[in-house]
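Asks: Following this message is one structure expressed as structure tokens.
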Amino acid sequence: MATLPNPIPEKTIERLSEYRRTLLSCKKQGITHIYSHILAGMHGITAVQVRRDLMLIGFSSDTKKGYDVEVLIDYISSILDSEEPMNIAVLGMGHLGQAITRYFNGRRLKLKITAAFDIDPAKVGTVIDGIPCYHMQSFEQMVEELNLSMVVLSLPTTVAPQLVVPIINAGIKGVLNFTSTPLNFPQGIVVENYDITTLLEKVAYFVKEADLNA
């Protein structure tokens, strides 16, 4: 794994993840090299931004053919991925939880959804999309048994705050929160609050403004 002297900015991490997905797609198409301005255009940013991001992680390429796609994928992976696989649990296996599980599993080798938790008797004790579903009452115990590092919250907004303490007690290190209630955790637990409603309203606002100014 590549080591860096300083923490990488959050936005750069997001772009690196996006670059890698694009590069993986290019690799599947048989593309072996790509110029910075081409990669930039595929993400709606400037070539300067792409080069700055890659310089920040210590990657450079002198080839006149552009960046070697496979080499760059491997380098970004050395930055983003942990040495050992990380196991993830989905808390709440309603429509959103099941959609997240179906979308995510099989895409990344180092990040894998291995368990789900719910309180619905129709789901508990079953296997949903290949993932065993446990009762929330056993959450703290199963985190240790299954070596879970991260959780994805896809349950009702009113329930989410009640899970903060169990998540802390269980030793979870990262939380991706898909509910519309922002959750705060103590230092040492990484949390990303992803409010779909707010994002949709943001998009709708700019669509409305574009229509008004057309």
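Residues are named by chain letter and number: chains run A, B, ... in the order of the structure tokens, numbers start at 1 in each chain, and ligands are numbered from 1 in the order shown.
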Kindly assemble as JSON lines a list of the region 77-100 of chain A residues that lie within 7 Å of region 151-162 of chain A, each paired with its nearest atom pair and their distance in Å to one decimal, using only C-alpha atoms, sorted first by chain and then by ascending residue number.

Replies:
{"residue": "A:Ile88", "atom": "CA", "partner": "A:Val151", "partner_atom": "CA", "distance": 5.4}
{"residue": "A:Ala89", "atom": "CA", "partner": "A:Val151", "partner_atom": "CA", "distance": 4.7}
{"residue": "A:Val90", "atom": "CA", "partner": "A:Val152", "partner_atom": "CA", "distance": 4.7}
{"residue": "A:Leu91", "atom": "CA", "partner": "A:Leu153", "partner_atom": "CA", "distance": 5.0}
{"residue": "A:Gly92", "atom": "CA", "partner": "A:Leu155", "partner_atom": "CA", "distance": 4.5}
{"residue": "A:Leu96", "atom": "CA", "partner": "A:Ser154", "partner_atom": "CA", "distance": 6.2}
{"residue": "A:Gly97", "atom": "CA", "partner": "A:Ser154", "partner_atom": "CA", "distance": 5.3}

Asks: Residues as selected, N, CA and C atoms, written as an mmCIF file, in the first residue's frame, can you do that?

Replies:
data_model
loop_
_atom_site.group_PDB
_atom_site.id
_atom_site.type_symbol
_atom_site.label_atom_id
_atom_site.label_comp_id
_atom_site.auth_asym_id
_atom_site.auth_seq_id
_atom_site.Cartn_x
_atom_site.Cartn_y
_atom_site.Cartn_z
ATOM 1 N N ILE A 88 -19.050 -5.529 5.911
ATOM 2 C CA ILE A 88 -20.059 -4.487 6.109
ATOM 3 C C ILE A 88 -21.397 -5.118 6.440
ATOM 4 N N ALA A 89 -22.169 -4.450 7.290
ATOM 5 C CA ALA A 89 -23.528 -4.894 7.593
ATOM 6 C C ALA A 89 -24.517 -3.815 7.173
ATOM 7 N N VAL A 90 -25.659 -4.249 6.675
ATOM 8 C CA VAL A 90 -26.748 -3.329 6.344
ATOM 9 C C VAL A 90 -27.778 -3.405 7.466
ATOM 10 N N LEU A 91 -28.078 -2.258 8.055
ATOM 11 C CA LEU A 91 -29.077 -2.205 9.121
ATOM 12 C C LEU A 91 -30.384 -1.699 8.532
ATOM 13 N N GLY A 92 -31.340 -2.609 8.377
ATOM 14 C CA GLY A 92 -32.606 -2.266 7.743
ATOM 15 C C GLY A 92 -32.663 -2.860 6.349
ATOM 16 N N LEU A 96 -34.793 -0.193 0.230
ATOM 17 C CA LEU A 96 -33.516 0.490 0.034
ATOM 18 C C LEU A 96 -32.354 -0.414 0.433
ATOM 19 N N GLY A 97 -32.461 -1.065 1.583
ATOM 20 C CA GLY A 97 -31.392 -1.938 2.038
ATOM 21 C C GLY A 97 -31.115 -3.061 1.064
#

Asks: Per DSSP on the backbone, what are the strand (DSSP E or B) residues of region 7-153 of chain A, as a PyMOL selection string?

Replies: chain A and resi 33-34+67-68+86-91+111-118+127-128+131-135+148-153

Asks: Return as a PyMOL selection string the full set of residues in region 87-196 of chain A whose backbone-based DSSP assignment is helix (DSSP H, G or I).

Replies: chain A and resi 95-104+136-146+160-170+196

Asks: With N, CA and C atoms kept, could you save the residues just selected as an mmCIF file, in the first residue's frame?

Replies:
data_model
loop_
_atom_site.group_PDB
_atom_site.id
_atom_site.type_symbol
_atom_site.label_atom_id
_atom_site.label_comp_id
_atom_site.auth_asym_id
_atom_site.auth_seq_id
_atom_site.Cartn_x
_atom_site.Cartn_y
_atom_site.Cartn_z
ATOM 1 N N HIS A 95 -36.791 -2.020 1.134
ATOM 2 C CA HIS A 95 -36.484 -1.899 -0.297
ATOM 3 C C HIS A 95 -35.118 -1.263 -0.537
ATOM 4 N N LEU A 96 -34.793 -0.193 0.230
ATOM 5 C CA LEU A 96 -33.516 0.490 0.034
ATOM 6 C C LEU A 96 -32.354 -0.414 0.433
ATOM 7 N N GLY A 97 -32.461 -1.065 1.583
ATOM 8 C CA GLY A 97 -31.392 -1.938 2.038
ATOM 9 C C GLY A 97 -31.115 -3.061 1.064
ATOM 10 N N GLN A 98 -32.165 -3.652 0.531
ATOM 11 C CA GLN A 98 -31.993 -4.734 -0.430
ATOM 12 C C GLN A 98 -31.404 -4.223 -1.744
ATOM 13 N N ALA A 99 -31.820 -3.026 -2.148
ATOM 14 C CA ALA A 99 -31.279 -2.445 -3.382
ATOM 15 C C ALA A 99 -29.789 -2.162 -3.232
ATOM 16 N N ILE A 100 -29.387 -1.631 -2.077
ATOM 17 C CA ILE A 100 -27.974 -1.352 -1.816
ATOM 18 C C ILE A 100 -27.167 -2.636 -1.864
ATOM 19 N N THR A 101 -27.693 -3.673 -1.244
ATOM 20 C CA THR A 101 -26.993 -4.965 -1.206
ATOM 21 C C THR A 101 -26.817 -5.536 -2.604
ATOM 22 N N ARG A 102 -27.891 -5.524 -3.393
ATOM 23 C CA ARG A 102 -27.810 -6.061 -4.754
ATOM 24 C C ARG A 102 -26.843 -5.267 -5.615
ATOM 25 N N TYR A 103 -26.858 -3.955 -5.458
ATOM 26 C CA TYR A 103 -25.996 -3.096 -6.277
ATOM 27 C C TYR A 103 -24.526 -3.272 -5.915
ATOM 28 N N PHE A 104 -24.251 -3.355 -4.616
ATOM 29 C CA PHE A 104 -22.870 -3.269 -4.162
ATOM 30 C C PHE A 104 -22.115 -4.587 -4.239
ATOM 31 N N MET A 136 -31.875 -7.374 15.214
ATOM 32 C CA MET A 136 -31.094 -6.264 15.750
ATOM 33 C C MET A 136 -30.651 -6.517 17.191
ATOM 34 N N GLN A 137 -31.381 -7.328 17.915
ATOM 35 C CA GLN A 137 -31.001 -7.611 19.304
ATOM 36 C C GLN A 137 -29.643 -8.296 19.400
ATOM 37 N N SER A 138 -29.248 -8.984 18.338
ATOM 38 C CA SER A 138 -27.970 -9.699 18.349
ATOM 39 C C SER A 138 -26.852 -8.890 17.692
ATOM 40 N N PHE A 139 -27.105 -7.618 17.405
ATOM 41 C CA PHE A 139 -26.165 -6.804 16.625
ATOM 42 C C PHE A 139 -24.773 -6.758 17.251
ATOM 43 N N GLU A 140 -24.682 -6.349 18.502
ATOM 44 C CA GLU A 140 -23.367 -6.185 19.124
ATOM 45 C C GLU A 140 -22.599 -7.500 19.165
ATOM 46 N N GLN A 141 -23.272 -8.579 19.445
ATOM 47 C CA GLN A 141 -22.631 -9.893 19.486
ATOM 48 C C GLN A 141 -22.129 -10.297 18.100
ATOM 49 N N MET A 142 -22.957 -10.089 17.076
ATOM 50 C CA MET A 142 -22.600 -10.536 15.727
ATOM 51 C C MET A 142 -21.501 -9.671 15.110
ATOM 52 N N VAL A 143 -21.397 -8.422 15.519
ATOM 53 C CA VAL A 143 -20.318 -7.571 15.001
ATOM 54 C C VAL A 143 -18.972 -8.208 15.300
ATOM 55 N N GLU A 144 -18.825 -8.709 16.517
ATOM 56 C CA GLU A 144 -17.560 -9.352 16.895
ATOM 57 C C GLU A 144 -17.389 -10.692 16.199
ATOM 58 N N GLU A 145 -18.452 -11.479 16.156
ATOM 59 C CA GLU A 145 -18.353 -12.813 15.555
ATOM 60 C C GLU A 145 -18.043 -12.748 14.064
ATOM 61 N N LEU A 146 -18.631 -11.771 13.378
ATOM 62 C CA LEU A 146 -18.468 -11.663 11.930
ATOM 63 C C LEU A 146 -17.374 -10.690 11.515
ATOM 64 N N ALA A 160 -33.146 5.519 13.459
ATOM 65 C CA ALA A 160 -31.698 5.693 13.328
ATOM 66 C C ALA A 160 -31.011 6.227 14.588
ATOM 67 N N PRO A 161 -31.525 7.279 15.261
ATOM 68 C CA PRO A 161 -30.819 7.794 16.440
ATOM 69 C C PRO A 161 -30.674 6.758 17.556
ATOM 70 N N GLN A 162 -31.581 5.796 17.603
ATOM 71 C CA GLN A 162 -31.525 4.782 18.647
ATOM 72 C C GLN A 162 -30.353 3.813 18.454
ATOM 73 N N LEU A 163 -29.742 3.837 17.275
ATOM 74 C CA LEU A 163 -28.673 2.897 16.982
ATOM 75 C C LEU A 163 -27.282 3.461 17.225
ATOM 76 N N VAL A 164 -27.206 4.748 17.567
ATOM 77 C CA VAL A 164 -25.893 5.363 17.777
ATOM 78 C C VAL A 164 -25.118 4.652 18.880
ATOM 79 N N VAL A 165 -25.745 4.462 20.032
ATOM 80 C CA VAL A 165 -25.056 3.825 21.166
ATOM 81 C C VAL A 165 -24.681 2.372 20.857
ATOM 82 N N PRO A 166 -25.604 1.542 20.314
ATOM 83 C CA PRO A 166 -25.208 0.172 19.961
ATOM 84 C C PRO A 166 -24.052 0.114 18.963
ATOM 85 N N ILE A 167 -24.034 1.042 18.008
ATOM 86 C CA ILE A 167 -22.951 1.070 17.022
ATOM 87 C C ILE A 167 -21.621 1.388 17.706
ATOM 88 N N ILE A 168 -21.654 2.352 18.633
ATOM 89 C CA ILE A 168 -20.435 2.709 19.384
ATOM 90 C C ILE A 168 -19.982 1.528 20.234
ATOM 91 N N ASN A 169 -20.915 0.939 20.968
ATOM 92 C CA ASN A 169 -20.575 -0.180 21.863
ATOM 93 C C ASN A 169 -20.031 -1.384 21.111
ATOM 94 N N ALA A 170 -20.517 -1.574 19.872
ATOM 95 C CA ALA A 170 -20.104 -2.738 19.089
ATOM 96 C C ALA A 170 -18.702 -2.580 18.508
ATOM 97 N N ILE A 196 -30.719 11.506 0.778
ATOM 98 C CA ILE A 196 -31.213 11.446 -0.596
ATOM 99 C C ILE A 196 -32.234 12.553 -0.865
#

Asks: Would you kindly return, as a list in words, each protein, DNA or RNA residue with an atom no farther than 9 Å from any atom of Phe59 (chain A), considering only C-alpha atoms and excluding same-chain residues fewer than 3 positions away?

Replies: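 So the residues in contact are Arg51, Asp53, Leu54, Met55, Leu56, Leu72, Tyr75 and Ile76 of chain A.
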
Asks: Return the single residue from A:Leu183, A:Leu199, A:Leu23, A:Ala204 that is closest to Val71 (chain A), with distances computed using only C-alpha atoms.

Replies: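 Result for the nearest residue to Val71 (chain A): A:Leu23.
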
Asks: Compile the contact shell of Ile31 (chain A) as a PyMOL selection string: residues with an atom at most 10 Å away, counting only C-alpha atoms, same-chain residues fewer than 6 positions apart removed.

Replies: chain A and resi 23-25+68-70

Asks: The selected residues should be written to file as an mmCIF file, in the first residue's frame (atoms: C-alpha atoms).

Replies:
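Below is the file part-v3.cif, written as the result:
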data_model
loop_
_atom_site.group_PDB
_atom_site.id
_atom_site.type_symbol
_atom_site.label_atom_id
_atom_site.label_comp_id
_atom_site.auth_asym_id
_atom_site.auth_seq_id
_atom_site.Cartn_x
_atom_site.Cartn_y
_atom_site.Cartn_z
ATOM 1 C CA LEU A 23 -10.694 3.295 -15.461
ATOM 2 C CA LEU A 24 -12.114 -0.152 -14.719
ATOM 3 C CA SER A 25 -14.769 0.475 -17.357
ATOM 4 C CA ASP A 68 -1.356 3.402 -18.227
ATOM 5 C CA VAL A 69 -4.899 2.386 -17.246
ATOM 6 C CA GLU A 70 -3.991 -0.823 -15.418
#

Asks: Skipping near chain neighbours, those fewer than 6 positions away, what residues fall within 9 Å of Val124 (chain A) using only C-alpha atoms, listed as number ranges by chain?

Replies: A: 116-118, 132-136

Asks: Could you write out the selected residues, including C-alpha atoms, as a compact mmCIF listing (two decimals), in the first residue's frame?

Replies:
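In the end it all went to selection-v3.txt:
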# COMPACT_ATOMS: atom_id res chain seq x y z
CA ALA A 116 -27.96 -7.68 7.49
CA PHE A 117 -30.02 -6.78 10.54
CA ASP A 118 -33.72 -6.09 10.92
CA PRO A 132 -28.04 -13.69 6.17
CA CYS A 133 -30.40 -11.43 8.11
CA TYR A 134 -30.10 -11.32 11.92
CA HIS A 135 -32.27 -9.67 14.57
CA MET A 136 -31.09 -6.26 15.75

Asks: Please identify all polymer residues within 9 Å of Met42 (chain A), counting only C-alpha atoms, omitting same-chain residues fewer than 4 positions from it, and present them as an NGL selection string.

Replies: :A and (22 or 37-38)

Asks: Based on the selection just made, write C-alpha atoms of those residues as a tab-separated table (two decimals), in the first residue's frame.

Replies:
chain	number	residue	atom	x	y	z
A	22	THR	CA	-14.10	4.92	-14.95
A	37	HIS	CA	-7.89	15.61	-20.36
A	38	ILE	CA	-9.94	12.59	-21.52

Asks: I want to know what sits within 12 Å of Arg52 (chain A), based on only C-alpha atoms, with residues of the same chain fewer than 5 positions away left out; could you give that as a list in words?

Replies: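 Using only C-alpha atoms, the neighbours found are Ile8, Pro9, Thr12, Arg15, Leu16, Ser36, Ala40, Ile45, Thr46, Ala47, Ile57, Gly58, Phe59 and Ser60 of chain A.
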
Asks: Those same residues, written as a tab-separated table (two decimals), in the first residue's frame with N, CA and C atoms?

Replies:
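The resulting file, again-v8.tsv, is reproduced below:
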chain	number	residue	atom	x	y	z
A	8	ILE	N	-5.23	12.84	2.80
A	8	ILE	CA	-5.77	13.26	1.50
A	8	ILE	C	-7.12	13.92	1.72
A	9	PRO	N	-7.38	15.07	1.09
A	9	PRO	CA	-8.68	15.75	1.26
A	9	PRO	C	-9.84	14.86	0.88
A	12	THR	N	-10.88	14.77	-2.76
A	12	THR	CA	-9.93	14.04	-3.60
A	12	THR	C	-10.19	12.54	-3.50
A	15	ARG	N	-13.08	11.73	-5.69
A	15	ARG	CA	-12.73	11.73	-7.12
A	15	ARG	C	-11.87	10.51	-7.47
A	16	LEU	N	-10.99	10.11	-6.59
A	16	LEU	CA	-10.16	8.93	-6.86
A	16	LEU	C	-11.03	7.69	-7.03
A	36	SER	N	-4.99	12.68	-19.42
A	36	SER	CA	-5.63	13.35	-18.30
A	36	SER	C	-6.85	14.16	-18.74
A	40	ALA	N	-10.57	13.67	-17.43
A	40	ALA	CA	-11.21	14.85	-16.85
A	40	ALA	C	-12.56	15.10	-17.52
A	45	ILE	N	-14.62	17.74	-15.14
A	45	ILE	CA	-13.66	18.60	-14.44
A	45	ILE	C	-12.51	18.91	-15.39
A	46	THR	N	-11.51	19.63	-14.90
A	46	THR	CA	-10.38	20.01	-15.76
A	46	THR	C	-9.25	18.99	-15.65
A	47	ALA	N	-8.41	18.97	-16.68
A	47	ALA	CA	-7.24	18.10	-16.66
A	47	ALA	C	-6.29	18.50	-15.54
A	57	ILE	N	-1.27	12.05	-4.62
A	57	ILE	CA	-1.05	10.70	-4.11
A	57	ILE	C	0.27	10.12	-4.60
A	58	GLY	N	1.07	10.96	-5.24
A	58	GLY	CA	2.41	10.55	-5.64
A	58	GLY	C	2.49	9.79	-6.95
A	59	PHE	N	1.44	9.92	-7.78
A	59	PHE	CA	1.46	9.21	-9.06
A	59	PHE	C	1.84	10.17	-10.18
A	60	SER	N	2.76	9.72	-11.05
A	60	SER	CA	3.13	10.52	-12.22
A	60	SER	C	3.36	9.57	-13.39
